[in-house]
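The structure appears right after this line, and notes come after that.
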Amino acid sequence: MKKTVFSMLALVLSITLILSACGKGNEENNPNNAGTTNTESGPVQMTFFAPQGKAAWEDNSYTKHVEEKFNVKIKWDLAPADALTDRRQLLLASGDYPEVFLEGKFTHTDLLTYGKQGVFLPLNDLIEKHAPNIKAMMEKKPYFKEAITATDGNIYALPRLNECYHCTFSQKFWMNKEWLDKVGLPVPKTTDELYTVLKAFKEQDPNGNGKADEIPLTGAPNKNVWNGNIDAYLMNSFIYNDNSKYLILKDGKVEFAANQEAWKQGLVYMNKLYKEGLIDPASFTQNDQAVGQLGNREGDEIVGSITTALVSYLVNPYDGKETRHKHWVIVPPLKGPDGVQLAGASQGIGDFQFALTNKASEAQQIAAIKIMDYAFGEEGALMSEYGTVEGFGWKKAEDGEKNIDGKAAKYSFFGIPEADPDLIRNDSWSLMGPKDLSKEFRDLFAVGQDPLAADGYETRLAQATNAYAPYSPAEIYPSGVFILPDDMDAASQLTTSIQDYVTSNMAQFIIGSKNIEKDWDAYVKGFDGLNLAKYLEIYGNAIKKE
């Protein structure tokens, strides 16, 4: 009897161990099973890494919308926005990372590093099979496909496609038309005409207060004011200046701008302006608050022109009661002494947001890429960026409402009742995650048609951009490229050292602490010590097509 009982117990124990082992094996094969349950009929559960919002993302109406639409349940792993990069690095280093990075702010180097390690999954097949909107965007905008495809042919992450009205040609110059009228001069078209205008601003008391308090031209470091550095605009009348890596693309070959004779002549011109008191010395140090105080000060206006993407840094175009901004006009690219007349251009690709890790099961991969693809379609982009409720964050455009090109608009922000100022909106993901913010999508929305009205600032910026577009270089070095893996460390070091060398010497040449004629050769020679040849080789290899 005892023998029989023991035999039965042994049989039960064996079956239990077998079932337990099978369960354990399934969990190990599916890295997502940590604390979650999932059935064929239930939602796909996965964790998204993202920055903290003002409200809980799990309660967000767009979150609930995509969960229902794609039969998923999202768990959130959040980090403070100002510590997001540090937090995701800790997660990746510890191995305790989620299935999905929704907003990872990854660089090209990050993608190659984690792609090579197998931590980030290639998205090529997922896009081909499950992401028709992303696939269509890659076909419609080849630069988008090139920007997201790594050197090994894989796509490891997705960015936002952001073609804002004024971003493509953002190295702009704005001028005080009221002062031009006072001194009897037209908007300048050449560098010589600009010199004449700035001299008149300085010497002819255009603000009429009897004081020599006029600042003919001001600016600010690029880190403080978007393209506020004066060379971002002025150098393009002598040689192309991308205001970043100082690279020129000619017939597919990469050249360096900041050691050429034309660059020297640009410095000579700016030094002349500075020596004659036509450039504000604060242009090399001041921040955005200081610029705003100059432009919006009470009493007499003291600024005649400014280099920046947005005139709103200087004067306030949003307040309907303010009128000072109305007499500020855009100055198109100037023709230099050798006929050079270029506009600094860029593309709408920045950091990479979305990446899938090797902890994602097949079901999670498919669900995640479908959610991303949804935001590259019109409905998903609309709801992801502006909200799920029509009449709250957006509405259908009414008859007569027009887009940035004066054509009938499809959507509008006008006429929507103002929300409680204390209300924390929680109906969209806003600027989080990859999505379509292309020009075509933006052109669906109504904007104010009067560029000088408080609601027409976008129209004003678009018209200013249109004045720059004809002067775009025939070839532009891509804003973002994948450096070959073996070159990544060298590229990082060389890029930083060369950028610092160019900007520091440029300031010294312009203000005169270095003599251009005497010190130019030594400056050019200094690039040898910085290994400029390797720098050009690296960036040349990055755009070579196999």
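Ordering of the structure tokens sets the chain letters (A, B, ...), residue numbers begin anew at 1 in every chain, and ligands are numbered from 1 in the order given.
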Write out as an mmCIF file with N, CA and C atoms, in the first residue's frame each polymer residue whose atoms come within 6 Å of Ile155 of chain A, counting only C-alpha atoms; drop sequence neighbours fewer than 2 positions from it.
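selection38.cif, written as the output of this step:
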```cif
data_model
loop_
_atom_site.group_PDB
_atom_site.id
_atom_site.type_symbol
_atom_site.label_atom_id
_atom_site.label_comp_id
_atom_site.auth_asym_id
_atom_site.auth_seq_id
_atom_site.Cartn_x
_atom_site.Cartn_y
_atom_site.Cartn_z
ATOM 1 N N PRO A 122 16.722 45.458 -36.017
ATOM 2 C CA PRO A 122 16.482 46.093 -37.321
ATOM 3 C C PRO A 122 14.986 46.170 -37.598
ATOM 4 N N LEU A 123 14.575 47.294 -38.169
ATOM 5 C CA LEU A 123 13.146 47.525 -38.419
ATOM 6 C C LEU A 123 12.763 47.314 -39.879
ATOM 7 N N ASN A 124 13.738 46.982 -40.728
ATOM 8 C CA ASN A 124 13.481 46.923 -42.170
ATOM 9 C C ASN A 124 12.307 46.027 -42.529
ATOM 10 N N ILE A 148 17.756 57.630 -42.124
ATOM 11 C CA ILE A 148 17.472 56.628 -41.100
ATOM 12 C C ILE A 148 18.137 55.284 -41.377
ATOM 13 N N THR A 149 18.814 55.155 -42.527
ATOM 14 C CA THR A 149 19.442 53.886 -42.891
ATOM 15 C C THR A 149 20.917 53.902 -42.495
ATOM 16 N N ALA A 157 16.146 52.693 -35.847
ATOM 17 C CA ALA A 157 15.306 53.600 -35.064
ATOM 18 C C ALA A 157 14.599 54.564 -36.001
#
```
When DSSP is applied to the backbone of this structure, which of segment 85-137 of chain A are assigned helix (DSSP H, G or I)? Write them out as a ChimeraX atom specification. /A:85-94,108-117,124-130,132-137
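The space separating atom CA of Gln347 of chain A from atom CA of Lys253 of chain A comes to 19.0 Å.
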Tell me, as a count of residues only, which residues lie within 12 Å of Leu273 of chain A, counting only C-alpha atoms; anything in the same chain fewer than 3 positions away does not count. 30
Contacts of Gly348 of chain A at 10 Å (only C-alpha atoms; same-chain gap of 3+ positions) as an MDAnalysis selection string: chainID A and resid 143:144 147 159:164 167:168 437:439 479:480
Selection: 10 Å around segment 53-69 of chain A, only C-alpha atoms, excl. self and same-chain fewer than 6 positions, as JSON, numbers by chain: {"A": [43, 44, 45, 75, 76, 78, 79, 80, 81, 367, 370, 371, 372, 374, 380, 383, 384, 385, 386, 387, 388, 389, 424, 425, 426, 427, 428, 429, 430]}
In terms of the shortest atom-to-atom distance over only C-alpha atoms, which of A:Asp486, A:Asn403, A:Met506, A:His327 is closest to Trp263 of chain A? A:Met506
Between A:Phe120, A:Phe414, A:Phe173, A:Phe256, single out the one closest to Lys534 of chain A, counting only C-alpha atoms. A:Phe256
Might you pull out every residue within 9 Å of segment 242-252 of chain A, with only C-alpha atoms counted and same-chain residues fewer than 3 positions away left off, and present them as a tab-separated table (two decimals) with C-alpha atoms, in the first residue's frame?
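Ended up saving to part07.tsv:
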```tsv
chain	number	residue	atom	x	y	z
A	171	GLN	CA	20.08	81.32	-41.24
A	222	ASN	CA	24.02	80.07	-31.78
A	227	ASN	CA	21.35	80.95	-35.81
A	229	ASN	CA	25.75	84.17	-34.79
A	231	ASP	CA	28.52	84.58	-39.66
A	232	ALA	CA	25.57	82.19	-40.11
A	233	TYR	CA	24.10	84.72	-42.51
A	236	ASN	CA	27.08	82.92	-47.18
A	255	GLU	CA	35.25	69.94	-48.97
A	256	PHE	CA	35.99	72.14	-45.98
A	257	ALA	CA	34.88	75.78	-46.02
A	258	ALA	CA	36.60	77.43	-43.08
A	343	ALA	CA	21.17	80.41	-48.14
A	344	GLY	CA	22.12	78.06	-45.33
A	345	ALA	CA	19.89	74.98	-45.59
A	346	SER	CA	19.06	72.03	-43.34
A	473	PRO	CA	23.05	75.27	-52.78
A	474	ALA	CA	22.62	72.61	-55.44
A	475	GLU	CA	24.09	70.06	-53.02
A	476	ILE	CA	23.85	70.05	-49.25
A	477	TYR	CA	25.76	67.78	-46.92
A	495	THR	CA	34.20	67.38	-34.91
A	498	ILE	CA	37.44	71.58	-35.27
A	499	GLN	CA	34.16	73.35	-34.49
A	502	VAL	CA	36.77	77.61	-36.16
A	536	LEU	CA	37.10	65.04	-44.30
A	539	TYR	CA	32.54	62.56	-43.47
A	540	GLY	CA	33.28	61.63	-47.06
A	543	ILE	CA	27.94	59.50	-47.62
A	544	LYS	CA	29.59	57.14	-50.07
```
Of A:Lys129, A:Lys172, A:Lys189, A:His325, the one nearest to Val225 of chain A when counting only C-alpha atoms is A:Lys172
Non-local contacts of Arg324 of chain A (10 Å; only C-alpha atoms; under 5 positions in same chain excluded) as JSON, numbers by chain: {"A": [176, 178, 295, 296, 301, 315, 316, 317]}
Just to be explicit: take each residue in the selection above, keep C-alpha atoms, and write the result as a short mmCIF file (atom, residue, chain, number, x, y, z; two decimals), in the first residue's frame.
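Saved the output as again-v6.cif:
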```cif
data_model
loop_
_atom_site.label_atom_id
_atom_site.label_comp_id
_atom_site.auth_asym_id
_atom_site.auth_seq_id
_atom_site.Cartn_x
_atom_site.Cartn_y
_atom_site.Cartn_z
CA ASN A 176 14.26 97.66 -39.27
CA GLU A 178 11.35 102.17 -40.39
CA GLY A 295 14.20 94.85 -28.90
CA ASN A 296 11.28 95.31 -26.52
CA GLU A 301 14.16 101.71 -30.55
CA VAL A 315 10.44 91.91 -31.01
CA ASN A 316 7.09 90.45 -29.95
CA PRO A 317 4.81 89.53 -32.89
#
```
For a test of reading the model, state the distance in Å between atom CA of Gln265 of chain A and atom CA of Asn287 of chain A, rounded to one decimal. 27.7 Å
Straight-line distance linking atom CA of Ile306 of chain A with atom CA of Pro470 of chain A, stated in Å to one decimal: 21.5 Å
If you run DSSP on this backbone, which residues of segment 139-376 of chain A come out as strand (DSSP E), and could you give them as a PyMOL selection string? chain A and resi 158-162+173-176+247-250+253-256+305-307+328-330+349-356
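When only C-alpha atoms are used to measure the gap to Ser492 of chain A, the shortest distance among A:Lys223, A:Trp394, A:Glu193, A:Thr107 belongs to A:Thr107.
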